[in-house]
file input_14.cif (mmCIF, C-alpha atoms)
data_model
#
loop_
_atom_site.label_atom_id
_atom_site.label_comp_id
_atom_site.auth_asym_id
_atom_site.auth_seq_id
_atom_site.Cartn_x
_atom_site.Cartn_y
_atom_site.Cartn_z
CA MET A 11 50.43 247.89 130.96
CA GLY A 12 47.32 250.00 131.61
CA ASP A 13 44.02 248.53 132.64
CA PRO A 14 44.02 244.72 132.88
CA GLU A 15 40.28 244.51 132.13
CA PHE A 16 40.67 245.67 128.54
CA PRO A 17 42.01 243.37 125.84
CA GLU A 18 45.80 243.49 125.89
CA ASP A 19 46.20 244.81 122.34
CA TRP A 20 44.24 248.03 123.12
CA THR A 21 46.32 251.19 123.41
CA GLU A 22 45.66 253.73 126.14
CA GLU A 23 44.24 256.10 123.52
CA ARG A 24 41.78 253.44 122.31
CA ARG A 25 40.71 252.70 125.90
CA ARG A 26 40.10 256.38 126.58
CA ALA A 27 38.14 256.80 123.33
CA PHE A 28 36.07 253.72 124.18
CA ARG A 29 35.23 255.04 127.67
CA GLU A 30 34.22 258.42 126.26
CA ALA A 31 32.05 256.89 123.53
CA LEU A 32 30.39 254.51 126.00
CA ALA A 33 29.64 257.40 128.38
CA ALA A 34 28.09 259.35 125.49
CA ARG A 35 25.92 256.37 124.56
CA ARG A 36 24.79 255.97 128.17
CA GLU A 37 23.88 259.64 128.29
CA ARG A 38 21.87 259.30 125.05
CA GLN A 39 20.09 256.26 126.51
CA VAL A 40 19.04 258.22 129.58
CA ARG A 41 17.99 261.31 127.62
CA GLY A 42 16.15 259.23 125.04
CA GLY A 43 14.29 257.35 127.78
CA GLN A 44 13.24 260.61 129.37
CA VAL A 45 12.05 262.06 126.07
CA PHE A 46 10.06 258.96 125.12
CA GLY A 47 8.60 258.71 128.64
CA LEU A 48 7.46 262.32 128.63
CA ALA A 49 6.05 261.95 125.12
CA LEU A 50 4.04 258.89 126.20
CA ILE A 51 2.66 260.71 129.22
CA ALA A 52 1.79 263.73 127.08
CA VAL A 53 -0.05 261.64 124.48
CA VAL A 54 -2.04 259.73 127.10
CA ALA A 55 -2.86 262.88 129.09
CA THR A 56 -3.93 264.73 125.96
CA GLY A 57 -6.09 261.83 124.83
CA VAL A 58 -7.78 261.44 128.22
CA LEU A 59 -8.17 265.11 129.11
CA ALA A 60 -9.41 266.09 125.64
CA ARG A 61 -11.74 263.07 125.70
CA LEU A 62 -10.52 261.95 122.32
CA PRO A 63 -11.66 258.58 121.06
CA GLU A 64 -9.23 255.84 122.13
CA ARG A 65 -8.87 254.71 118.53
CA TRP A 66 -7.04 257.99 117.88
CA TRP A 67 -4.50 258.12 120.67
CA VAL A 68 -3.93 254.48 121.69
CA PRO A 69 -2.18 253.65 118.37
CA ALA A 70 0.02 256.71 118.92
CA VAL A 71 1.04 255.33 122.33
CA GLY A 72 1.93 252.00 120.70
CA ALA A 73 3.91 253.73 117.96
CA LEU A 74 5.85 255.79 120.51
CA ALA A 75 6.63 252.69 122.56
CA LEU A 76 7.93 250.88 119.47
CA ALA A 77 9.97 253.92 118.46
CA GLY A 78 11.53 253.98 121.94
CA LEU A 79 12.42 250.31 121.69
CA VAL A 80 13.98 250.74 118.25
CA TYR A 81 15.97 253.73 119.51
CA ARG A 82 17.29 251.68 122.42
CA LEU A 83 18.31 248.79 120.17
CA VAL A 84 20.06 251.09 117.70
CA ASN A 85 21.85 253.20 120.32
CA TRP A 86 22.99 250.56 122.83
CA LYS A 87 25.81 249.02 120.82
CA CYS A 88 29.50 248.68 121.55
CA PRO A 89 31.41 251.74 120.29
CA SER A 90 34.33 249.48 119.39
CA CYS A 91 32.83 246.50 117.57
CA GLY A 92 29.14 247.39 117.08
CA GLU A 93 27.83 244.33 118.96
CA ARG A 94 24.62 244.86 120.95
CA LEU A 95 25.50 245.42 124.60
CA PRO A 96 23.87 243.46 127.43
CA THR A 97 21.28 245.41 129.40
CA ARG A 98 21.45 243.39 132.61
CA GLY A 99 24.09 241.22 134.17
CA GLY A 100 26.73 241.88 131.57
CA ALA A 101 29.99 243.51 132.58
CA ARG A 102 31.70 243.02 129.20
CA CYS A 103 30.94 243.40 125.53
CA ARG A 104 30.25 239.97 124.07
CA GLY A 105 31.95 240.96 120.82
CA CYS A 106 35.31 242.46 121.78
CA GLY A 107 35.49 241.83 125.54
CA ALA A 108 35.72 245.50 126.54
CA PRO A 109 34.53 246.22 130.09
CA LEU A 110 31.28 248.14 130.46
CA ASP A 111 31.86 249.31 134.02
CA GLU A 112 33.12 252.84 134.41
#
call {"tool": "encode", "arguments": {"input": "input_14.cif", "output": "structure tokens"}}
result
Amino acid sequence: MGDPEFPEDWTEERRRAFREALAARRERQVRGGQVFGLALIAVVATGVLARLPERWWVPAVGALALAGLVYRLVNWKCPSCGERLPTRGGARCRGCGAPLDE
């Protein structure tokens, strides 16, 4: 029945919904990374080019970096069970066993 990588009790509809939700989360991860990266570059460039004191813009860089990390931790969760997904070397969700490969 269906894809042998998914848990056996998953219906085809649930598998399709999982794949779509995972693809959407991946897309948000990429877009979020781009936005935070550009924001960091903009803050540093503005601080350097405007010759602002470092005590003004360096904390903003730190705050943006922390915000990016929090965003990543909140977004990169399994759409099925809510468990945090592995970032490297993991081909399956540790919570429900769903495959992460497309």
call {"tool": "closest_residue", "arguments": {"input": "input_14.cif", "among": "A:Glu64, A:Glu22, A:Glu15, A:Glu30", "to": "Cys88 (chain A)", "atoms": "only C-alpha atoms"}}
result
A:Glu30
call {"tool": "resolve_selection", "arguments": {"input": "input_14.cif", "expression": "the PyMOL selection byres ((chain A and resi 93) around 12)", "output": "PyMOL selection string"}}
result
chain A and resi 83-92+94-96+102-108
call {"tool": "atom_distance", "arguments": {"input": "input_14.cif", "atom1": "CA of Arg25 (chain A)", "atom2": "CA of Gly43 (chain A)"}}
result
26.9 Å
call {"tool": "closest_residue", "arguments": {"input": "input_14.cif", "among": "A:Leu32, A:Phe46, A:Glu37, A:Thr21", "to": "Gly78 (chain A)", "atoms": "all atoms listed in the file"}}
result
A:Phe46
call {"tool": "atom_distance", "arguments": {"input": "input_14.cif", "atom1": "CA of Pro63 (chain A)", "atom2": "CA of Tyr81 (chain A)"}}
result
28.1 Å
call {"tool": "atom_distance", "arguments": {"input": "input_14.cif", "atom1": "CA of Arg36 (chain A)", "atom2": "CA of Ala77 (chain A)"}}
result
17.8 Å
